[in-house]
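Trainee: Starting off with a structure, shown below.
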Amino acid sequence: MVAAKVRVGIIGTGGIGYQHAVDIAQLGQAVVVALADPDEQRMHSVASLVGNPTCYADPNKLIDDSSVDAIVIASPDATHADFILRALAVQKPIFCEKPLATSVEDALQILEAETRIGRKLIAVGFNRRFDPAHVMVKETIEQGKLGRALLWKGVHRNPSAMYNNEGSFILNNSAGHDVDSARWLLGADVVSVYSWGIRSHDELDESAQDLLCINLEMNNGSRAVGEIYVNARYGYEVAVDVVCQDGVVSTSPRQVISIRHERTHGTAVSDDFKDYFLDSYAREISQWITSLQMGESFTGADAWDGYCVIVATQAAGKSLALGTSVQVKTIEKPELYKRDSHI
């Protein structure tokens, strides 16, 4: 029997928080009942679009609100761990945008808290797992016709840096999507990482490393090589190739429109990541809501996936500083996360 509408509170009403609010408001099985954001003008603007829910300046009040059944965390990265732990303390389901935390220590604390509860309450927003093109790549690999997956090659480009140009920050903030994609598509965990970075433009600070490459060794013998470039200027683009024993499966470049002008024929590329993955965000949040209603496991990433990604991206940051390969060492996987595991 399907439960009543899930009453959702959303922390953070910026770009992705806004998108989640709009997507949830359009679902028949959920309602946005509360928002929290220190930017009150932005928060009230979003509230007017989703039924004028209760608005809080203090996110902790939203978490404690008895009318809130489940919580979406779309606030700045550094706040994620504290809000997750606060929500776990009152045992409310959480959908947290990546990253799960900004340190391995905080991620471990989250795992320990959820393990003590004894059931999975945390979903992590690695939305490529819900992108139709990436899902088709995954399904093709699992069919086995191409043989074993050997190599993941990914491209992740932004027109301009959203936050800063420091290599270690970009690895933690942006490259997490690529590490999760490699783990998910190859069906394996990272055991070592080597990374390097380039300052792409002369006007950037001397410390900038905004074009990064990561080389991942996986525990099943496969490899992954990813490019993360946050100042590509021409637009936003994500693509992946998976080289298998007997063939290659790839996503196709996302074509927005075709332009014929001044004796040329070309394709326009959007500079907005939400345009590129609009469908996957809607699918992801819908599946999370459905899982809550039906009492089933979320089919996307869980806290263990979020933890494994943090360990790998933190190791990538060390590799960037040292100029050497760095081992990726995780704790033994708790029994809680062995259930319904995708890796």
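Letters A, B, ... mark the chains of the structure tokens in the order given; residue numbers begin at 1 per chain; ligand numbers begin at 1, in order shown.
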Please report, as a Markdown table, each residue of segment 162-281 of chain A lying at most 6 Å from segment 308-330 of chain A, together with the nearest pair of atoms and the separation in Å rounded to one decimal; use only C-alpha atoms, and order rows by chain and ascending residue number.
Mentor:
```
| residue | atom | partner | partner_atom | distance |
| --- | --- | --- | --- | --- |
| A:Ser168 | CA | A:Gly317 | CA | 4.8 |
| A:Leu171 | CA | A:Thr313 | CA | 5.7 |
| A:Asn172 | CA | A:Thr313 | CA | 5.4 |
| A:Gly176 | CA | A:Val309 | CA | 5.9 |
| A:Val191 | CA | A:Val328 | CA | 4.8 |
| A:Ser192 | CA | A:Gln327 | CA | 4.2 |
| A:Val193 | CA | A:Val326 | CA | 5.4 |
| A:Tyr194 | CA | A:Ser325 | CA | 4.4 |
| A:Ser195 | CA | A:Leu320 | CA | 5.3 |
| A:Trp196 | CA | A:Leu320 | CA | 5.3 |
```
Trainee: Excluding segment 230-232 of chain A and residues on its chain fewer than 4 positions from it, collect all residues at most 7 Å away from it, counting only C-alpha atoms, and give them as a PyMOL selection string.
Mentor: chain A and resi 157-161+210-211
Trainee: Using only C-alpha atoms, determine which residues lie at most 10 Å from Val6 of chain A, disregarding the query and same-chain residues fewer than 3 positions distant; provide the list as a list in words.
Mentor: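 My list of contacting residues is Ala3, Gly9, Ile24, Gly28, Gln29, Ala30, Val31, Val32, Val33, Val68, Asp69, Ala70, Ile289, Thr290, Leu292 and Gln293 of chain A.
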Trainee: Can you write out the residues you just picked, keeping C-alpha atoms, as a CSV table (one decimal), in the first residue's frame?
Mentor:
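Result saved to again-v1.csv:
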```
chain,number,residue,atom,x,y,z
A,3,ALA,CA,1.8,5.8,1.9
A,9,GLY,CA,12.1,20.0,3.7
A,24,ILE,CA,9.4,17.6,-6.0
A,28,GLY,CA,2.0,13.6,-7.1
A,29,GLN,CA,3.4,11.7,-4.2
A,30,ALA,CA,5.3,14.5,-2.4
A,31,VAL,CA,4.9,18.1,-1.2
A,32,VAL,CA,7.5,20.7,-0.2
A,33,VAL,CA,6.5,21.8,3.3
A,68,VAL,CA,9.0,17.4,7.8
A,69,ASP,CA,9.2,13.7,7.0
A,70,ALA,CA,12.4,13.8,4.8
A,289,ILE,CA,10.5,9.8,-3.1
A,290,THR,CA,9.1,6.5,-4.4
A,292,LEU,CA,10.4,6.3,0.8
A,293,GLN,CA,6.7,5.8,0.0
```
Trainee: Just checking: using only C-alpha atoms, which residue out of A:Tyr281, A:Asn127, A:Phe298, A:Met162 ends up closest to Tyr18 of chain A?
Mentor: A:Tyr281
Trainee: Skipping near chain neighbours, those fewer than 5 positions away, what residues fall within 10 Å of Ile110 of chain A using only C-alpha atoms, listed as an MDAnalysis selection string?
Mentor: chainID A and resid 81:82 84:85 88 100:101 104:105 115:116 122 303:304 307
Trainee: Would you mind exporting the chosen residues as a compact mmCIF listing (two decimals), in the first residue's frame, restricted to C-alpha atoms?
Mentor:
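Result written to selection31.txt:
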```
# COMPACT_ATOMS: atom_id res chain seq x y z
CA ALA A 81 28.11 16.55 7.34
CA ASP A 82 26.63 18.60 10.18
CA ILE A 84 23.26 14.91 7.90
CA LEU A 85 24.28 14.08 11.48
CA LEU A 88 20.22 11.15 11.56
CA LEU A 100 28.62 13.44 1.39
CA ALA A 101 31.20 15.39 3.43
CA VAL A 104 37.15 11.36 5.35
CA GLU A 105 36.75 11.80 9.11
CA THR A 115 25.18 1.96 11.07
CA ARG A 116 24.12 2.43 14.68
CA ILE A 122 20.97 8.50 3.38
CA ALA A 303 26.37 6.76 2.21
CA TRP A 304 28.94 4.02 1.53
CA TYR A 307 32.34 7.67 1.65
```
Trainee: Name the residues of segment 43-100 of chain A that fall into strand (DSSP E or B) according to DSSP on the backbone, using the chain letters and numbers of this document, as a ChimeraX atom specification.
Mentor: /A:54-56,70-73,94-97
Trainee: Show me, as a VMD selection string, the residues that have an atom within 9 Å of Gln91 of chain A when counting only C-alpha atoms, minus same-chain residues fewer than 3 positions from it.
Mentor: chain A and resid 86 to 88 114 117 121
Trainee: State, in Å with one decimal place, the distance from atom CA of Val124 of chain A to atom CA of Cys96 of chain A.
Mentor: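 Between atom CA of Val124 of chain A and atom CA of Cys96 of chain A the gap works out to 5.0 Å.
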Trainee: Residues within 10 Å of Leu62 of chain A, please, as a list in words. Count only C-alpha atoms; anything in the same chain fewer than 6 positions from it doesn't count.
Mentor: Val8, Gly9, Ile10, Ile11, Val33, Ala34, Leu35, Ala36, Thr54, Cys55, Tyr56, Val68, Ile71 and Ala87 of chain A
Trainee: Keeping only N, CA and C atoms, write the selected residues to a file as a short mmCIF file (atom, residue, chain, number, x, y, z; two decimals), in the first residue's frame.
Mentor:
```cif
data_model
loop_
_atom_site.label_atom_id
_atom_site.label_comp_id
_atom_site.auth_asym_id
_atom_site.auth_seq_id
_atom_site.Cartn_x
_atom_site.Cartn_y
_atom_site.Cartn_z
N VAL A 8 8.44 17.05 2.43
CA VAL A 8 9.88 17.26 2.26
C VAL A 8 10.29 18.67 2.68
N GLY A 9 11.41 18.75 3.40
CA GLY A 9 12.05 20.02 3.70
C GLY A 9 13.35 20.11 2.94
N ILE A 10 13.65 21.28 2.38
CA ILE A 10 14.84 21.45 1.53
C ILE A 10 15.75 22.52 2.15
N ILE A 11 16.99 22.14 2.40
CA ILE A 11 18.01 23.06 2.91
C ILE A 11 18.86 23.53 1.74
N VAL A 33 7.18 21.14 2.18
CA VAL A 33 6.52 21.79 3.33
C VAL A 33 7.42 22.80 4.03
N ALA A 34 8.74 22.79 3.72
CA ALA A 34 9.64 23.72 4.40
C ALA A 34 10.89 23.97 3.56
N LEU A 35 11.40 25.19 3.66
CA LEU A 35 12.66 25.58 3.03
C LEU A 35 13.54 26.26 4.07
N ALA A 36 14.85 26.15 3.89
CA ALA A 36 15.78 26.86 4.77
C ALA A 36 16.93 27.42 3.93
N THR A 54 6.69 26.65 4.75
CA THR A 54 7.32 27.37 5.86
C THR A 54 8.77 27.66 5.51
N CYS A 55 9.23 28.87 5.82
CA CYS A 55 10.61 29.26 5.51
C CYS A 55 11.39 29.49 6.80
N TYR A 56 12.60 28.95 6.84
CA TYR A 56 13.47 29.07 8.01
C TYR A 56 14.80 29.68 7.62
N VAL A 68 8.04 17.85 8.85
CA VAL A 68 8.97 17.43 7.80
C VAL A 68 9.28 15.95 7.95
N ILE A 71 14.37 15.04 4.27
CA ILE A 71 15.14 16.26 4.10
C ILE A 71 16.05 16.16 2.88
N ALA A 87 20.12 15.33 11.13
CA ALA A 87 18.94 14.62 10.63
C ALA A 87 18.95 13.16 11.07
#
```
Trainee: Would you return as a ChimeraX atom specification the members of segment 23-263 of chain A that DSSP assigns to helix (DSSP H, G or I) on this structure's backbone?
Mentor: /A:23-25,40-47,59-64,77-89,104-117,127-130,132-143,167-173,175-186
Trainee: Got time to write the residues from that selection, C-alpha atoms, as a PDB file, in the first residue's frame?
Mentor:
```pdb
ATOM      1  CA  ASP A  23      10.795  18.706  -9.317  1.00  0.00           C
ATOM      2  CA  ILE A  24       9.354  17.571  -5.960  1.00  0.00           C
ATOM      3  CA  ALA A  25       6.458  20.031  -6.212  1.00  0.00           C
ATOM      4  CA  GLU A  40      15.760  35.039   2.519  1.00  0.00           C
ATOM      5  CA  GLN A  41      14.957  36.808  -0.742  1.00  0.00           C
ATOM      6  CA  ARG A  42      15.991  33.774  -2.783  1.00  0.00           C
ATOM      7  CA  MET A  43      14.231  31.401  -0.409  1.00  0.00           C
ATOM      8  CA  HIS A  44      10.918  33.275  -0.545  1.00  0.00           C
ATOM      9  CA  SER A  45      11.183  33.500  -4.329  1.00  0.00           C
ATOM     10  CA  VAL A  46      11.462  29.698  -4.537  1.00  0.00           C
ATOM     11  CA  ALA A  47       8.710  29.298  -1.919  1.00  0.00           C
ATOM     12  CA  PRO A  59      18.281  24.888   8.834  1.00  0.00           C
ATOM     13  CA  ASN A  60      18.323  23.106  12.196  1.00  0.00           C
ATOM     14  CA  LYS A  61      14.778  24.310  12.833  1.00  0.00           C
ATOM     15  CA  LEU A  62      13.717  22.748   9.545  1.00  0.00           C
ATOM     16  CA  ILE A  63      15.324  19.436  10.533  1.00  0.00           C
ATOM     17  CA  ASP A  64      13.513  19.478  13.888  1.00  0.00           C
ATOM     18  CA  ASP A  77      29.607  21.367   0.672  1.00  0.00           C
ATOM     19  CA  ALA A  78      31.125  22.214   4.053  1.00  0.00           C
ATOM     20  CA  THR A  79      27.685  22.128   5.736  1.00  0.00           C
ATOM     21  CA  HIS A  80      26.637  18.664   4.554  1.00  0.00           C
ATOM     22  CA  ALA A  81      28.110  16.545   7.343  1.00  0.00           C
ATOM     23  CA  ASP A  82      26.627  18.602  10.184  1.00  0.00           C
ATOM     24  CA  PHE A  83      23.142  18.642   8.650  1.00  0.00           C
ATOM     25  CA  ILE A  84      23.262  14.905   7.898  1.00  0.00           C
ATOM     26  CA  LEU A  85      24.278  14.079  11.478  1.00  0.00           C
ATOM     27  CA  ARG A  86      21.551  16.328  12.857  1.00  0.00           C
ATOM     28  CA  ALA A  87      18.938  14.625  10.634  1.00  0.00           C
ATOM     29  CA  LEU A  88      20.219  11.155  11.564  1.00  0.00           C
ATOM     30  CA  ALA A  89      19.825  12.079  15.228  1.00  0.00           C
ATOM     31  CA  VAL A 104      37.150  11.364   5.354  1.00  0.00           C
ATOM     32  CA  GLU A 105      36.750  11.804   9.113  1.00  0.00           C
ATOM     33  CA  ASP A 106      33.313  13.400   8.741  1.00  0.00           C
ATOM     34  CA  ALA A 107      32.242  10.747   6.243  1.00  0.00           C
ATOM     35  CA  LEU A 108      33.258   8.009   8.697  1.00  0.00           C
ATOM     36  CA  GLN A 109      31.278   9.688  11.455  1.00  0.00           C
ATOM     37  CA  ILE A 110      28.230   9.641   9.174  1.00  0.00           C
ATOM     38  CA  LEU A 111      28.698   5.940   8.383  1.00  0.00           C
ATOM     39  CA  GLU A 112      29.017   5.125  12.076  1.00  0.00           C
ATOM     40  CA  ALA A 113      25.854   7.069  12.939  1.00  0.00           C
ATOM     41  CA  GLU A 114      23.809   5.410  10.201  1.00  0.00           C
ATOM     42  CA  THR A 115      25.183   1.962  11.065  1.00  0.00           C
ATOM     43  CA  ARG A 116      24.115   2.431  14.684  1.00  0.00           C
ATOM     44  CA  ILE A 117      20.566   3.122  13.493  1.00  0.00           C
ATOM     45  CA  ASN A 127      22.830  11.909 -10.667  1.00  0.00           C
ATOM     46  CA  ARG A 128      24.637  10.269 -13.590  1.00  0.00           C
ATOM     47  CA  ARG A 129      23.227   6.989 -12.281  1.00  0.00           C
ATOM     48  CA  PHE A 130      19.840   8.296 -13.465  1.00  0.00           C
ATOM     49  CA  PRO A 132      19.295   7.847 -19.570  1.00  0.00           C
ATOM     50  CA  ALA A 133      22.519   7.769 -21.633  1.00  0.00           C
ATOM     51  CA  HIS A 134      24.658   6.610 -18.704  1.00  0.00           C
ATOM     52  CA  VAL A 135      22.013   4.051 -17.723  1.00  0.00           C
ATOM     53  CA  MET A 136      22.149   2.628 -21.260  1.00  0.00           C
ATOM     54  CA  VAL A 137      25.941   2.341 -20.984  1.00  0.00           C
ATOM     55  CA  LYS A 138      25.525   0.477 -17.692  1.00  0.00           C
ATOM     56  CA  GLU A 139      22.873  -1.857 -19.133  1.00  0.00           C
ATOM     57  CA  THR A 140      25.001  -2.575 -22.205  1.00  0.00           C
ATOM     58  CA  ILE A 141      27.968  -3.554 -20.040  1.00  0.00           C
ATOM     59  CA  GLU A 142      25.801  -5.779 -17.840  1.00  0.00           C
ATOM     60  CA  GLN A 143      24.408  -7.618 -20.881  1.00  0.00           C
ATOM     61  CA  GLY A 167      42.995  21.579  -7.635  1.00  0.00           C
ATOM     62  CA  SER A 168      42.212  19.883  -4.323  1.00  0.00           C
ATOM     63  CA  PHE A 169      38.853  21.675  -4.089  1.00  0.00           C
ATOM     64  CA  ILE A 170      37.880  20.756  -7.656  1.00  0.00           C
ATOM     65  CA  LEU A 171      38.779  17.120  -7.028  1.00  0.00           C
ATOM     66  CA  ASN A 172      36.533  17.009  -3.966  1.00  0.00           C
ATOM     67  CA  ASN A 173      33.687  19.078  -5.409  1.00  0.00           C
ATOM     68  CA  ALA A 175      35.584  14.993  -9.649  1.00  0.00           C
ATOM     69  CA  GLY A 176      33.397  13.085  -7.194  1.00  0.00           C
ATOM     70  CA  HIS A 177      30.862  12.637 -10.009  1.00  0.00           C
ATOM     71  CA  ASP A 178      33.551  11.084 -12.195  1.00  0.00           C
ATOM     72  CA  VAL A 179      34.883   8.768  -9.497  1.00  0.00           C
ATOM     73  CA  ASP A 180      31.346   7.565  -8.765  1.00  0.00           C
ATOM     74  CA  SER A 181      30.662   7.071 -12.482  1.00  0.00           C
ATOM     75  CA  ALA A 182      33.815   4.953 -12.826  1.00  0.00           C
ATOM     76  CA  ARG A 183      32.980   2.861  -9.736  1.00  0.00           C
ATOM     77  CA  TRP A 184      29.396   2.338 -10.898  1.00  0.00           C
ATOM     78  CA  LEU A 185      30.077   1.554 -14.565  1.00  0.00           C
ATOM     79  CA  LEU A 186      33.119  -0.645 -13.913  1.00  0.00           C
TER      80      LEU A 186
END
```
Trainee: Between atom CA of Ala282 of chain A and atom CA of Ile73 of chain A, what is the spacing in Å?
Mentor: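 Taking atom CA of Ile73 of chain A and atom CA of Ala282 of chain A, their separation equals 15.7 Å.
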Trainee: Of the residues A:Pro253, A:Gly12, A:Gly197, A:Gly295, which is the one nearest to Asn165 of chain A, using only C-alpha atoms?
Mentor: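 Using only C-alpha atoms, the shortest distance to Asn165 of chain A belongs to A:Gly197.
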Trainee: Which residue, A:Phe95, A:Tyr163, A:Phe273, A:Tyr229, has the smallest gap to Ile285 of chain A when you use only C-alpha atoms?
Mentor: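 Once distances to Ile285 of chain A are computed over only C-alpha atoms, the minimum belongs to A:Phe95.
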Trainee: Tell me which of A:Leu27, A:Leu336, A:Val22, A:Ile228 sits closest to Val155 of chain A, counting only C-alpha atoms.
Mentor: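 Smallest separation from Val155 of chain A among the options: A:Ile228.
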Trainee: Would you compute the distance between atom CA of Glu97 of chain A and atom CA of Met294 of chain A? Give it in Å to one decimal.
Mentor: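 A separation of 22.1 Å between them.
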